[in-house]
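Dumped start_14.txt below, it's compact mmCIF, N, CA, C and O atoms:
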```
# COMPACT_ATOMS: atom_id res chain seq x y z
N MET A 58 -133.32 -0.34 97.42
CA MET A 58 -134.32 -0.68 96.44
C MET A 58 -133.72 -0.49 95.05
O MET A 58 -133.26 0.58 94.69
N SER A 59 -133.70 -1.53 94.26
CA SER A 59 -133.11 -1.42 92.94
C SER A 59 -134.18 -1.10 91.91
O SER A 59 -135.30 -1.58 91.98
N GLU A 60 -133.80 -0.27 90.98
CA GLU A 60 -134.71 0.10 89.90
C GLU A 60 -134.43 -0.78 88.70
O GLU A 60 -133.29 -1.02 88.35
N GLU A 61 -135.51 -1.26 88.10
CA GLU A 61 -135.35 -2.01 86.86
C GLU A 61 -135.25 -1.00 85.73
O GLU A 61 -136.08 -0.12 85.63
N ARG A 62 -134.24 -1.16 84.94
CA ARG A 62 -134.08 -0.26 83.81
C ARG A 62 -134.55 -0.95 82.54
O ARG A 62 -134.26 -2.11 82.32
N THR A 63 -135.27 -0.20 81.75
CA THR A 63 -135.67 -0.70 80.46
C THR A 63 -134.45 -0.63 79.56
O THR A 63 -133.82 0.43 79.46
N PRO A 64 -134.10 -1.72 78.91
CA PRO A 64 -132.93 -1.67 78.04
C PRO A 64 -133.16 -0.70 76.88
O PRO A 64 -134.28 -0.53 76.41
N ALA A 65 -132.09 -0.07 76.48
CA ALA A 65 -132.18 0.84 75.33
C ALA A 65 -132.54 0.03 74.10
O ALA A 65 -132.12 -1.11 73.95
N PRO A 66 -133.37 0.61 73.23
CA PRO A 66 -133.71 -0.13 72.01
C PRO A 66 -132.48 -0.41 71.17
O PRO A 66 -131.57 0.41 71.09
N LEU A 67 -132.47 -1.56 70.55
CA LEU A 67 -131.37 -1.92 69.67
C LEU A 67 -131.47 -1.15 68.36
O LEU A 67 -130.48 -0.83 67.73
N VAL A 68 -132.72 -0.87 67.96
CA VAL A 68 -133.00 -0.23 66.68
C VAL A 68 -134.02 0.87 66.91
O VAL A 68 -134.92 0.72 67.72
N GLU A 69 -133.87 1.96 66.19
CA GLU A 69 -134.84 3.05 66.22
C GLU A 69 -135.34 3.27 64.80
O GLU A 69 -134.75 2.77 63.84
N GLY A 70 -136.39 4.05 64.67
CA GLY A 70 -136.91 4.33 63.34
C GLY A 70 -135.90 4.98 62.42
O GLY A 70 -135.90 4.74 61.22
N GLN A 71 -135.01 5.75 63.00
CA GLN A 71 -134.01 6.46 62.20
C GLN A 71 -132.74 5.65 61.95
O GLN A 71 -131.78 6.16 61.38
N THR A 72 -132.74 4.40 62.38
CA THR A 72 -131.59 3.53 62.12
C THR A 72 -131.49 3.26 60.62
O THR A 72 -132.46 2.83 60.00
N PRO A 73 -130.33 3.54 60.01
CA PRO A 73 -130.17 3.24 58.59
C PRO A 73 -130.28 1.74 58.32
O PRO A 73 -129.77 0.93 59.10
N ILE A 74 -130.96 1.39 57.23
CA ILE A 74 -131.12 -0.02 56.86
C ILE A 74 -129.75 -0.70 56.73
O ILE A 74 -129.57 -1.82 57.21
N GLU A 75 -128.80 -0.02 56.12
CA GLU A 75 -127.47 -0.62 55.94
C GLU A 75 -126.85 -0.98 57.28
O GLU A 75 -126.31 -2.07 57.46
N GLU A 76 -126.93 -0.07 58.25
CA GLU A 76 -126.39 -0.33 59.59
C GLU A 76 -127.13 -1.50 60.25
O GLU A 76 -126.52 -2.38 60.85
N LEU A 77 -128.45 -1.50 60.13
CA LEU A 77 -129.26 -2.56 60.72
C LEU A 77 -128.87 -3.93 60.17
O LEU A 77 -128.64 -4.88 60.93
N VAL A 78 -128.78 -4.04 58.86
CA VAL A 78 -128.47 -5.31 58.22
C VAL A 78 -127.05 -5.78 58.55
O VAL A 78 -126.81 -6.96 58.77
N ASN A 79 -126.13 -4.84 58.60
CA ASN A 79 -124.75 -5.21 58.94
C ASN A 79 -124.63 -5.64 60.40
O ASN A 79 -123.91 -6.58 60.71
N ARG A 80 -125.34 -4.98 61.29
CA ARG A 80 -125.24 -5.28 62.72
C ARG A 80 -126.09 -6.49 63.11
O ARG A 80 -125.70 -7.30 63.94
N TYR A 81 -127.26 -6.61 62.49
CA TYR A 81 -128.21 -7.68 62.82
C TYR A 81 -128.71 -8.35 61.54
O TYR A 81 -129.82 -8.06 61.07
N PRO A 82 -127.93 -9.23 60.95
CA PRO A 82 -128.34 -9.86 59.68
C PRO A 82 -129.70 -10.54 59.74
O PRO A 82 -130.43 -10.59 58.75
N ARG A 83 -130.08 -11.05 60.91
CA ARG A 83 -131.37 -11.72 60.99
C ARG A 83 -132.55 -10.77 60.90
O ARG A 83 -133.69 -11.20 60.73
N ALA A 84 -132.29 -9.46 60.98
CA ALA A 84 -133.36 -8.48 60.82
C ALA A 84 -133.93 -8.51 59.40
O ALA A 84 -135.07 -8.11 59.18
N VAL A 85 -133.14 -9.01 58.44
CA VAL A 85 -133.60 -9.08 57.05
C VAL A 85 -134.89 -9.89 56.98
O VAL A 85 -135.87 -9.46 56.36
N ARG A 86 -134.91 -11.04 57.60
CA ARG A 86 -136.10 -11.90 57.57
C ARG A 86 -137.30 -11.17 58.17
O ARG A 86 -138.40 -11.19 57.60
N PHE A 87 -137.11 -10.54 59.31
CA PHE A 87 -138.20 -9.82 59.97
C PHE A 87 -138.77 -8.74 59.05
O PHE A 87 -139.99 -8.65 58.87
N LEU A 88 -137.90 -7.93 58.48
CA LEU A 88 -138.38 -6.84 57.62
C LEU A 88 -139.08 -7.38 56.37
O LEU A 88 -140.13 -6.87 55.98
N MET A 89 -138.51 -8.41 55.75
CA MET A 89 -139.13 -8.98 54.56
C MET A 89 -140.51 -9.56 54.89
O MET A 89 -141.44 -9.41 54.11
N GLU A 90 -140.64 -10.18 56.05
CA GLU A 90 -141.94 -10.72 56.46
C GLU A 90 -142.98 -9.63 56.69
O GLU A 90 -144.17 -9.88 56.65
N HIS A 91 -142.50 -8.41 56.93
CA HIS A 91 -143.39 -7.27 57.13
C HIS A 91 -143.51 -6.40 55.88
O HIS A 91 -144.00 -5.28 55.93
N GLY A 92 -143.03 -6.93 54.76
CA GLY A 92 -143.19 -6.24 53.48
C GLY A 92 -142.22 -5.11 53.21
O GLY A 92 -142.44 -4.30 52.32
N ILE A 93 -141.15 -5.05 53.99
CA ILE A 93 -140.17 -3.98 53.82
C ILE A 93 -138.92 -4.53 53.16
O ILE A 93 -138.23 -5.39 53.71
N LYS A 94 -138.66 -4.02 51.98
CA LYS A 94 -137.49 -4.45 51.22
C LYS A 94 -136.25 -3.83 51.86
O LYS A 94 -136.19 -2.63 52.09
N CYS A 95 -135.28 -4.67 52.15
CA CYS A 95 -134.06 -4.14 52.78
C CYS A 95 -132.80 -4.56 52.04
O CYS A 95 -131.72 -4.13 52.39
N LEU A 96 -132.96 -5.39 51.01
CA LEU A 96 -131.82 -5.79 50.20
C LEU A 96 -132.19 -5.66 48.72
O LEU A 96 -133.31 -5.95 48.33
N ALA A 97 -131.21 -5.25 47.93
CA ALA A 97 -131.36 -5.22 46.48
C ALA A 97 -130.06 -5.76 45.90
O ALA A 97 -128.99 -5.23 46.17
N CYS A 98 -130.16 -6.83 45.16
CA CYS A 98 -128.97 -7.47 44.58
C CYS A 98 -127.93 -7.81 45.65
O CYS A 98 -126.73 -7.65 45.45
N GLY A 99 -128.41 -8.23 46.82
CA GLY A 99 -127.51 -8.64 47.89
C GLY A 99 -126.92 -7.50 48.70
O GLY A 99 -126.17 -7.73 49.63
N GLU A 100 -127.26 -6.26 48.37
CA GLU A 100 -126.75 -5.09 49.09
C GLU A 100 -127.89 -4.41 49.84
O GLU A 100 -129.01 -4.36 49.34
N PRO A 101 -127.62 -3.87 51.03
CA PRO A 101 -128.67 -3.15 51.77
C PRO A 101 -129.18 -1.94 50.97
O PRO A 101 -128.40 -1.29 50.27
N VAL A 102 -130.47 -1.67 51.09
CA VAL A 102 -131.03 -0.50 50.43
C VAL A 102 -130.71 0.74 51.25
O VAL A 102 -130.40 0.66 52.43
N TRP A 103 -130.82 1.90 50.60
CA TRP A 103 -130.58 3.17 51.28
C TRP A 103 -131.82 3.55 52.07
O TRP A 103 -132.92 3.12 51.78
N GLY A 104 -131.65 4.38 53.06
CA GLY A 104 -132.78 4.88 53.85
C GLY A 104 -132.77 4.30 55.24
O GLY A 104 -131.89 3.55 55.63
N THR A 105 -133.79 4.70 55.98
CA THR A 105 -133.93 4.24 57.36
C THR A 105 -135.08 3.26 57.47
O THR A 105 -135.87 3.10 56.54
N VAL A 106 -135.19 2.65 58.64
CA VAL A 106 -136.30 1.75 58.89
C VAL A 106 -137.61 2.51 58.69
O VAL A 106 -138.52 2.04 57.99
N ALA A 107 -137.71 3.70 59.27
CA ALA A 107 -138.95 4.49 59.18
C ALA A 107 -139.24 4.92 57.75
O ALA A 107 -140.39 4.81 57.29
N SER A 108 -138.24 5.40 57.03
CA SER A 108 -138.50 5.87 55.67
C SER A 108 -138.91 4.71 54.76
O SER A 108 -139.79 4.85 53.91
N SER A 109 -138.31 3.56 54.96
CA SER A 109 -138.68 2.38 54.17
C SER A 109 -140.11 1.93 54.48
O SER A 109 -140.85 1.55 53.59
N ALA A 110 -140.49 2.00 55.75
CA ALA A 110 -141.86 1.64 56.14
C ALA A 110 -142.86 2.65 55.58
O ALA A 110 -143.93 2.27 55.10
N ARG A 111 -142.51 3.94 55.62
CA ARG A 111 -143.40 4.96 55.05
C ARG A 111 -143.64 4.72 53.56
O ARG A 111 -144.76 4.89 53.08
N GLU A 112 -142.60 4.31 52.85
CA GLU A 112 -142.73 4.02 51.42
C GLU A 112 -143.72 2.89 51.18
O GLU A 112 -144.31 2.81 50.10
N LYS A 113 -143.90 2.02 52.15
CA LYS A 113 -144.84 0.91 52.05
C LYS A 113 -146.21 1.26 52.61
O LYS A 113 -147.08 0.41 52.73
N GLY A 114 -146.40 2.53 53.00
CA GLY A 114 -147.70 2.98 53.46
C GLY A 114 -147.96 2.84 54.95
O GLY A 114 -149.09 3.00 55.40
N PHE A 115 -146.93 2.56 55.73
CA PHE A 115 -147.09 2.45 57.18
C PHE A 115 -147.37 3.83 57.76
O PHE A 115 -146.75 4.81 57.37
N SER A 116 -148.30 3.90 58.72
CA SER A 116 -148.54 5.14 59.47
C SER A 116 -147.44 5.28 60.52
O SER A 116 -146.69 4.33 60.79
N GLU A 117 -147.39 6.45 61.15
CA GLU A 117 -146.38 6.65 62.20
C GLU A 117 -146.61 5.68 63.36
O GLU A 117 -145.65 5.16 63.94
N ALA A 118 -147.87 5.41 63.70
CA ALA A 118 -148.17 4.45 64.77
C ALA A 118 -147.73 3.05 64.38
O ALA A 118 -147.19 2.30 65.20
N GLU A 119 -147.95 2.69 63.12
CA GLU A 119 -147.53 1.36 62.64
C GLU A 119 -146.01 1.25 62.62
O GLU A 119 -145.46 0.18 62.91
N ILE A 120 -145.32 2.34 62.29
CA ILE A 120 -143.86 2.34 62.31
C ILE A 120 -143.36 2.13 63.73
O ILE A 120 -142.44 1.33 63.96
N ALA A 121 -143.96 2.84 64.68
CA ALA A 121 -143.55 2.68 66.09
C ALA A 121 -143.75 1.24 66.54
O ALA A 121 -142.89 0.66 67.22
N ALA A 122 -144.88 0.63 66.15
CA ALA A 122 -145.15 -0.76 66.52
C ALA A 122 -144.15 -1.70 65.85
O ALA A 122 -143.65 -2.64 66.48
N LEU A 123 -143.85 -1.44 64.58
CA LEU A 123 -142.88 -2.26 63.85
C LEU A 123 -141.51 -2.22 64.52
O LEU A 123 -140.88 -3.25 64.74
N VAL A 124 -141.06 -1.02 64.87
CA VAL A 124 -139.75 -0.87 65.51
C VAL A 124 -139.74 -1.58 66.87
O VAL A 124 -138.77 -2.27 67.21
N HIS A 125 -140.83 -1.47 67.60
CA HIS A 125 -140.93 -2.16 68.89
C HIS A 125 -140.84 -3.67 68.70
O HIS A 125 -140.08 -4.35 69.40
N GLU A 126 -141.61 -4.20 67.75
CA GLU A 126 -141.59 -5.64 67.47
C GLU A 126 -140.21 -6.09 66.99
O GLU A 126 -139.75 -7.17 67.36
N LEU A 127 -139.58 -5.28 66.19
CA LEU A 127 -138.23 -5.61 65.69
C LEU A 127 -137.25 -5.69 66.85
O LEU A 127 -136.43 -6.60 66.92
N ASN A 128 -137.34 -4.76 67.79
CA ASN A 128 -136.45 -4.81 68.95
C ASN A 128 -136.70 -6.05 69.80
O ASN A 128 -135.74 -6.67 70.28
N LEU A 129 -137.96 -6.44 69.97
CA LEU A 129 -138.26 -7.68 70.70
C LEU A 129 -137.68 -8.88 69.98
O LEU A 129 -137.09 -9.77 70.59
N TYR A 130 -137.83 -8.90 68.66
CA TYR A 130 -137.31 -9.99 67.82
C TYR A 130 -135.79 -10.11 67.96
O TYR A 130 -135.25 -11.18 68.15
N LEU A 131 -135.10 -8.97 67.90
CA LEU A 131 -133.65 -8.99 67.97
C LEU A 131 -133.14 -9.31 69.37
O LEU A 131 -132.05 -9.85 69.53
N ALA A 132 -133.94 -8.98 70.39
CA ALA A 132 -133.53 -9.25 71.78
C ALA A 132 -133.67 -10.73 72.15
O ALA A 132 -133.16 -11.16 73.17
N GLU A 133 -134.34 -11.51 71.30
CA GLU A 133 -134.57 -12.94 71.58
C GLU A 133 -133.32 -13.79 71.46
O GLU A 133 -133.36 -14.96 71.77
N GLU A 134 -132.24 -13.26 71.00
CA GLU A 134 -131.02 -14.07 70.76
C GLU A 134 -130.61 -14.86 71.94
O GLU A 134 -130.46 -14.75 72.98
```
Translate this file's structure into C-alpha cells.
Amino acid sequence: MSEERTPAPLVEGQTPIEELVNRYPRAVRFLMEHGIKCLACGEPVWGTVASSAREKGFSEAEIAALVHELNLYLAEE
C-alpha cells in the first residue's frame, strides 16, 4: 500500500522576500495582486512573506491562507 505524500511547501511565511523573488520571479505578480509590495526600484524588499503581509494588516490566519494560495500558484508551473 503506497502512501501519498503531501509535497513540501515551496514557500513558508518565514521565506525572505528576496529569496522568493529570486527563486520564483512569477511570485511578484501574485504578491502585488494581494497588495504586498515585494519590489522597490527593481530590487526585492527586505523582510519575509509573513512580515510584509503583517505590515499590510493581514491576520495570522490570512497570512496562512496567503502562503497556501501562493504555494498552489507556484505549483501550477
Checklist line | Selection: 6 Å around range 108-117 of chain A, all atoms listed in the file, excl. self and same-chain fewer than 2 positions, as a PyMOL selection string | finding: chain A and resi 70+92-94+104-106+119-122
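With all atoms listed in the file as the atoms that count, the minimum distance from Ala107 in chain A to the choices A:Val85, A:Leu127, A:Ile74, A:Ala132 is reached by A:Ile74.
The shell of residues at most 5 Å from Val102 in chain A, with all atoms listed in the file counted and near chain neighbours (fewer than 5 positions) removed, consists of Ile74, Glu75, Cys95, Leu96 and Ala97 of chain A.
Between atom C of Val68 in chain A and CA of Arg86 in chain A the interatomic distance comes to 16.0 Å.
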Next item on the list: Within chain A, find each residue whose DSSP state, derived from the backbone, is strand (DSSP E or B), and express the selection as number ranges by chain.
Entry: A: 73, 96-97, 100-101, 105
Notebook entry, point to check: Pick the closest to Leu129 in chain A from A:Pro66, A:Met89, A:Gln71, A:Pro82: which is it, counting all atoms listed in the file?
Noted result: A:Pro66
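From CA of Leu67 in chain A back to CA of Arg80 in chain A, the distance works out to 9.9 Å.
Computed from the coordinates, the CA of Tyr81 in chain A to atom N of Ala118 in chain A distance equals 23.6 Å.
For the choices A:Glu133, A:His91, A:Val78, A:Glu69, the atom-to-atom distance to Trp103 in chain A is smallest for A:Val78 when using only C-alpha atoms.
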Enumerate the residues of chain A with a DSSP assignment of alpha helix (DSSP H), computed from the backbone, and present them as a tab-separated table (two decimals) with N, CA, C and O atoms, keeping the file's coordinate frame.
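After the write, part37.tsv holds the following:
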```tsv
chain	number	residue	atom	x	y	z
A	74	ILE	N	-130.96	1.39	57.23
A	74	ILE	CA	-131.12	-0.02	56.86
A	74	ILE	C	-129.75	-0.70	56.73
A	74	ILE	O	-129.57	-1.82	57.21
A	75	GLU	N	-128.80	-0.02	56.12
A	75	GLU	CA	-127.47	-0.62	55.94
A	75	GLU	C	-126.85	-0.98	57.28
A	75	GLU	O	-126.31	-2.07	57.46
A	76	GLU	N	-126.93	-0.07	58.25
A	76	GLU	CA	-126.39	-0.33	59.59
A	76	GLU	C	-127.13	-1.50	60.25
A	76	GLU	O	-126.52	-2.38	60.85
A	77	LEU	N	-128.45	-1.50	60.13
A	77	LEU	CA	-129.26	-2.56	60.72
A	77	LEU	C	-128.87	-3.93	60.17
A	77	LEU	O	-128.64	-4.88	60.93
A	78	VAL	N	-128.78	-4.04	58.86
A	78	VAL	CA	-128.47	-5.31	58.22
A	78	VAL	C	-127.05	-5.78	58.55
A	78	VAL	O	-126.81	-6.96	58.77
A	79	ASN	N	-126.13	-4.84	58.60
A	79	ASN	CA	-124.75	-5.21	58.94
A	79	ASN	C	-124.63	-5.64	60.40
A	79	ASN	O	-123.91	-6.58	60.71
A	80	ARG	N	-125.34	-4.98	61.29
A	80	ARG	CA	-125.24	-5.28	62.72
A	80	ARG	C	-126.09	-6.49	63.11
A	80	ARG	O	-125.70	-7.30	63.94
A	84	ALA	N	-132.29	-9.46	60.98
A	84	ALA	CA	-133.36	-8.48	60.82
A	84	ALA	C	-133.93	-8.51	59.40
A	84	ALA	O	-135.07	-8.11	59.18
A	85	VAL	N	-133.14	-9.01	58.44
A	85	VAL	CA	-133.60	-9.08	57.05
A	85	VAL	C	-134.89	-9.89	56.98
A	85	VAL	O	-135.87	-9.46	56.36
A	86	ARG	N	-134.91	-11.04	57.60
A	86	ARG	CA	-136.10	-11.90	57.57
A	86	ARG	C	-137.30	-11.17	58.17
A	86	ARG	O	-138.40	-11.19	57.60
A	87	PHE	N	-137.11	-10.54	59.31
A	87	PHE	CA	-138.20	-9.82	59.97
A	87	PHE	C	-138.77	-8.74	59.05
A	87	PHE	O	-139.99	-8.65	58.87
A	88	LEU	N	-137.90	-7.93	58.48
A	88	LEU	CA	-138.38	-6.84	57.62
A	88	LEU	C	-139.08	-7.38	56.37
A	88	LEU	O	-140.13	-6.87	55.98
A	89	MET	N	-138.51	-8.41	55.75
A	89	MET	CA	-139.13	-8.98	54.56
A	89	MET	C	-140.51	-9.56	54.89
A	89	MET	O	-141.44	-9.41	54.11
A	90	GLU	N	-140.64	-10.18	56.05
A	90	GLU	CA	-141.94	-10.72	56.46
A	90	GLU	C	-142.98	-9.63	56.69
A	90	GLU	O	-144.17	-9.88	56.65
A	106	VAL	N	-135.19	2.65	58.64
A	106	VAL	CA	-136.30	1.75	58.89
A	106	VAL	C	-137.61	2.51	58.69
A	106	VAL	O	-138.52	2.04	57.99
A	107	ALA	N	-137.71	3.70	59.27
A	107	ALA	CA	-138.95	4.49	59.18
A	107	ALA	C	-139.24	4.92	57.75
A	107	ALA	O	-140.39	4.81	57.29
A	108	SER	N	-138.24	5.40	57.03
A	108	SER	CA	-138.50	5.87	55.67
A	108	SER	C	-138.91	4.71	54.76
A	108	SER	O	-139.79	4.85	53.91
A	109	SER	N	-138.31	3.56	54.96
A	109	SER	CA	-138.68	2.38	54.17
A	109	SER	C	-140.11	1.93	54.48
A	109	SER	O	-140.85	1.55	53.59
A	110	ALA	N	-140.49	2.00	55.75
A	110	ALA	CA	-141.86	1.64	56.14
A	110	ALA	C	-142.86	2.65	55.58
A	110	ALA	O	-143.93	2.27	55.10
A	111	ARG	N	-142.51	3.94	55.62
A	111	ARG	CA	-143.40	4.96	55.05
A	111	ARG	C	-143.64	4.72	53.56
A	111	ARG	O	-144.76	4.89	53.08
A	112	GLU	N	-142.60	4.31	52.85
A	112	GLU	CA	-142.73	4.02	51.42
A	112	GLU	C	-143.72	2.89	51.18
A	112	GLU	O	-144.31	2.81	50.10
A	117	GLU	N	-147.39	6.45	61.15
A	117	GLU	CA	-146.38	6.65	62.20
A	117	GLU	C	-146.61	5.68	63.36
A	117	GLU	O	-145.65	5.16	63.94
A	118	ALA	N	-147.87	5.41	63.70
A	118	ALA	CA	-148.17	4.45	64.77
A	118	ALA	C	-147.73	3.05	64.38
A	118	ALA	O	-147.19	2.30	65.20
A	119	GLU	N	-147.95	2.69	63.12
A	119	GLU	CA	-147.53	1.36	62.64
A	119	GLU	C	-146.01	1.25	62.62
A	119	GLU	O	-145.46	0.18	62.91
A	120	ILE	N	-145.32	2.34	62.29
A	120	ILE	CA	-143.86	2.34	62.31
A	120	ILE	C	-143.36	2.13	63.73
A	120	ILE	O	-142.44	1.33	63.96
A	121	ALA	N	-143.96	2.84	64.68
A	121	ALA	CA	-143.55	2.68	66.09
A	121	ALA	C	-143.75	1.24	66.54
A	121	ALA	O	-142.89	0.66	67.22
A	122	ALA	N	-144.88	0.63	66.15
A	122	ALA	CA	-145.15	-0.76	66.52
A	122	ALA	C	-144.15	-1.70	65.85
A	122	ALA	O	-143.65	-2.64	66.48
A	123	LEU	N	-143.85	-1.44	64.58
A	123	LEU	CA	-142.88	-2.26	63.85
A	123	LEU	C	-141.51	-2.22	64.52
A	123	LEU	O	-140.88	-3.25	64.74
A	124	VAL	N	-141.06	-1.02	64.87
A	124	VAL	CA	-139.75	-0.87	65.51
A	124	VAL	C	-139.74	-1.58	66.87
A	124	VAL	O	-138.77	-2.27	67.21
A	125	HIS	N	-140.83	-1.47	67.60
A	125	HIS	CA	-140.93	-2.16	68.89
A	125	HIS	C	-140.84	-3.67	68.70
A	125	HIS	O	-140.08	-4.35	69.40
A	126	GLU	N	-141.61	-4.20	67.75
A	126	GLU	CA	-141.59	-5.64	67.47
A	126	GLU	C	-140.21	-6.09	66.99
A	126	GLU	O	-139.75	-7.17	67.36
A	127	LEU	N	-139.58	-5.28	66.19
A	127	LEU	CA	-138.23	-5.61	65.69
A	127	LEU	C	-137.25	-5.69	66.85
A	127	LEU	O	-136.43	-6.60	66.92
A	128	ASN	N	-137.34	-4.76	67.79
A	128	ASN	CA	-136.45	-4.81	68.95
A	128	ASN	C	-136.70	-6.05	69.80
A	128	ASN	O	-135.74	-6.67	70.28
A	129	LEU	N	-137.96	-6.44	69.97
A	129	LEU	CA	-138.26	-7.68	70.70
A	129	LEU	C	-137.68	-8.88	69.98
A	129	LEU	O	-137.09	-9.77	70.59
A	130	TYR	N	-137.83	-8.90	68.66
A	130	TYR	CA	-137.31	-9.99	67.82
A	130	TYR	C	-135.79	-10.11	67.96
A	130	TYR	O	-135.25	-11.18	68.15
A	131	LEU	N	-135.10	-8.97	67.90
A	131	LEU	CA	-133.65	-8.99	67.97
A	131	LEU	C	-133.14	-9.31	69.37
A	131	LEU	O	-132.05	-9.85	69.53
A	132	ALA	N	-133.94	-8.98	70.39
A	132	ALA	CA	-133.53	-9.25	71.78
A	132	ALA	C	-133.67	-10.73	72.15
A	132	ALA	O	-133.16	-11.16	73.17
```
Could all heavy atoms be built for range 103-110 of chain A and written out as a PDB file, in the frame of the given file?
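Contents of result.pdb, freshly written:
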```pdb
ATOM      1  N   TRP A 103    -130.820   1.900  50.600  1.00  0.00           N
ATOM      2  CA  TRP A 103    -130.580   3.170  51.280  1.00  0.00           C
ATOM      3  C   TRP A 103    -131.820   3.550  52.070  1.00  0.00           C
ATOM      4  O   TRP A 103    -132.920   3.120  51.780  1.00  0.00           O
ATOM      5  CB  TRP A 103    -130.260   4.259  50.270  1.00  0.00           C
ATOM      6  CG  TRP A 103    -128.947   4.048  49.595  1.00  0.00           C
ATOM      7  CD1 TRP A 103    -128.746   3.501  48.363  1.00  0.00           C
ATOM      8  CD2 TRP A 103    -127.661   4.351  50.119  1.00  0.00           C
ATOM      9  NE1 TRP A 103    -127.414   3.443  48.090  1.00  0.00           N
ATOM     10  CE2 TRP A 103    -126.714   3.965  49.138  1.00  0.00           C
ATOM     11  CE3 TRP A 103    -127.208   4.906  51.307  1.00  0.00           C
ATOM     12  CZ2 TRP A 103    -125.350   4.134  49.325  1.00  0.00           C
ATOM     13  CZ3 TRP A 103    -125.845   5.068  51.475  1.00  0.00           C
ATOM     14  CH2 TRP A 103    -124.934   4.685  50.505  1.00  0.00           C
ATOM     15  N   GLY A 104    -131.650   4.380  53.060  1.00  0.00           N
ATOM     16  CA  GLY A 104    -132.780   4.880  53.850  1.00  0.00           C
ATOM     17  C   GLY A 104    -132.770   4.300  55.240  1.00  0.00           C
ATOM     18  O   GLY A 104    -131.890   3.550  55.630  1.00  0.00           O
ATOM     19  N   THR A 105    -133.790   4.700  55.980  1.00  0.00           N
ATOM     20  CA  THR A 105    -133.930   4.240  57.360  1.00  0.00           C
ATOM     21  C   THR A 105    -135.080   3.260  57.470  1.00  0.00           C
ATOM     22  O   THR A 105    -135.870   3.100  56.540  1.00  0.00           O
ATOM     23  CB  THR A 105    -134.202   5.438  58.294  1.00  0.00           C
ATOM     24  OG1 THR A 105    -135.486   5.990  57.954  1.00  0.00           O
ATOM     25  CG2 THR A 105    -133.122   6.505  58.197  1.00  0.00           C
ATOM     26  N   VAL A 106    -135.190   2.650  58.640  1.00  0.00           N
ATOM     27  CA  VAL A 106    -136.300   1.750  58.890  1.00  0.00           C
ATOM     28  C   VAL A 106    -137.610   2.510  58.690  1.00  0.00           C
ATOM     29  O   VAL A 106    -138.520   2.040  57.990  1.00  0.00           O
ATOM     30  CB  VAL A 106    -136.220   1.152  60.319  1.00  0.00           C
ATOM     31  CG1 VAL A 106    -137.456   0.351  60.644  1.00  0.00           C
ATOM     32  CG2 VAL A 106    -134.960   0.306  60.476  1.00  0.00           C
ATOM     33  N   ALA A 107    -137.710   3.700  59.270  1.00  0.00           N
ATOM     34  CA  ALA A 107    -138.950   4.490  59.180  1.00  0.00           C
ATOM     35  C   ALA A 107    -139.240   4.920  57.750  1.00  0.00           C
ATOM     36  O   ALA A 107    -140.390   4.810  57.290  1.00  0.00           O
ATOM     37  CB  ALA A 107    -138.874   5.700  60.105  1.00  0.00           C
ATOM     38  N   SER A 108    -138.240   5.400  57.030  1.00  0.00           N
ATOM     39  CA  SER A 108    -138.500   5.870  55.670  1.00  0.00           C
ATOM     40  C   SER A 108    -138.910   4.710  54.760  1.00  0.00           C
ATOM     41  O   SER A 108    -139.790   4.850  53.910  1.00  0.00           O
ATOM     42  CB  SER A 108    -137.296   6.624  55.093  1.00  0.00           C
ATOM     43  OG  SER A 108    -136.188   5.769  54.916  1.00  0.00           O
ATOM     44  N   SER A 109    -138.310   3.560  54.960  1.00  0.00           N
ATOM     45  CA  SER A 109    -138.680   2.380  54.170  1.00  0.00           C
ATOM     46  C   SER A 109    -140.110   1.930  54.480  1.00  0.00           C
ATOM     47  O   SER A 109    -140.850   1.550  53.590  1.00  0.00           O
ATOM     48  CB  SER A 109    -137.708   1.230  54.426  1.00  0.00           C
ATOM     49  OG  SER A 109    -136.414   1.576  53.965  1.00  0.00           O
ATOM     50  N   ALA A 110    -140.490   2.000  55.750  1.00  0.00           N
ATOM     51  CA  ALA A 110    -141.860   1.640  56.140  1.00  0.00           C
ATOM     52  C   ALA A 110    -142.860   2.650  55.580  1.00  0.00           C
ATOM     53  O   ALA A 110    -143.930   2.270  55.100  1.00  0.00           O
ATOM     54  CB  ALA A 110    -141.963   1.558  57.660  1.00  0.00           C
TER      55      ALA A 110
END
```
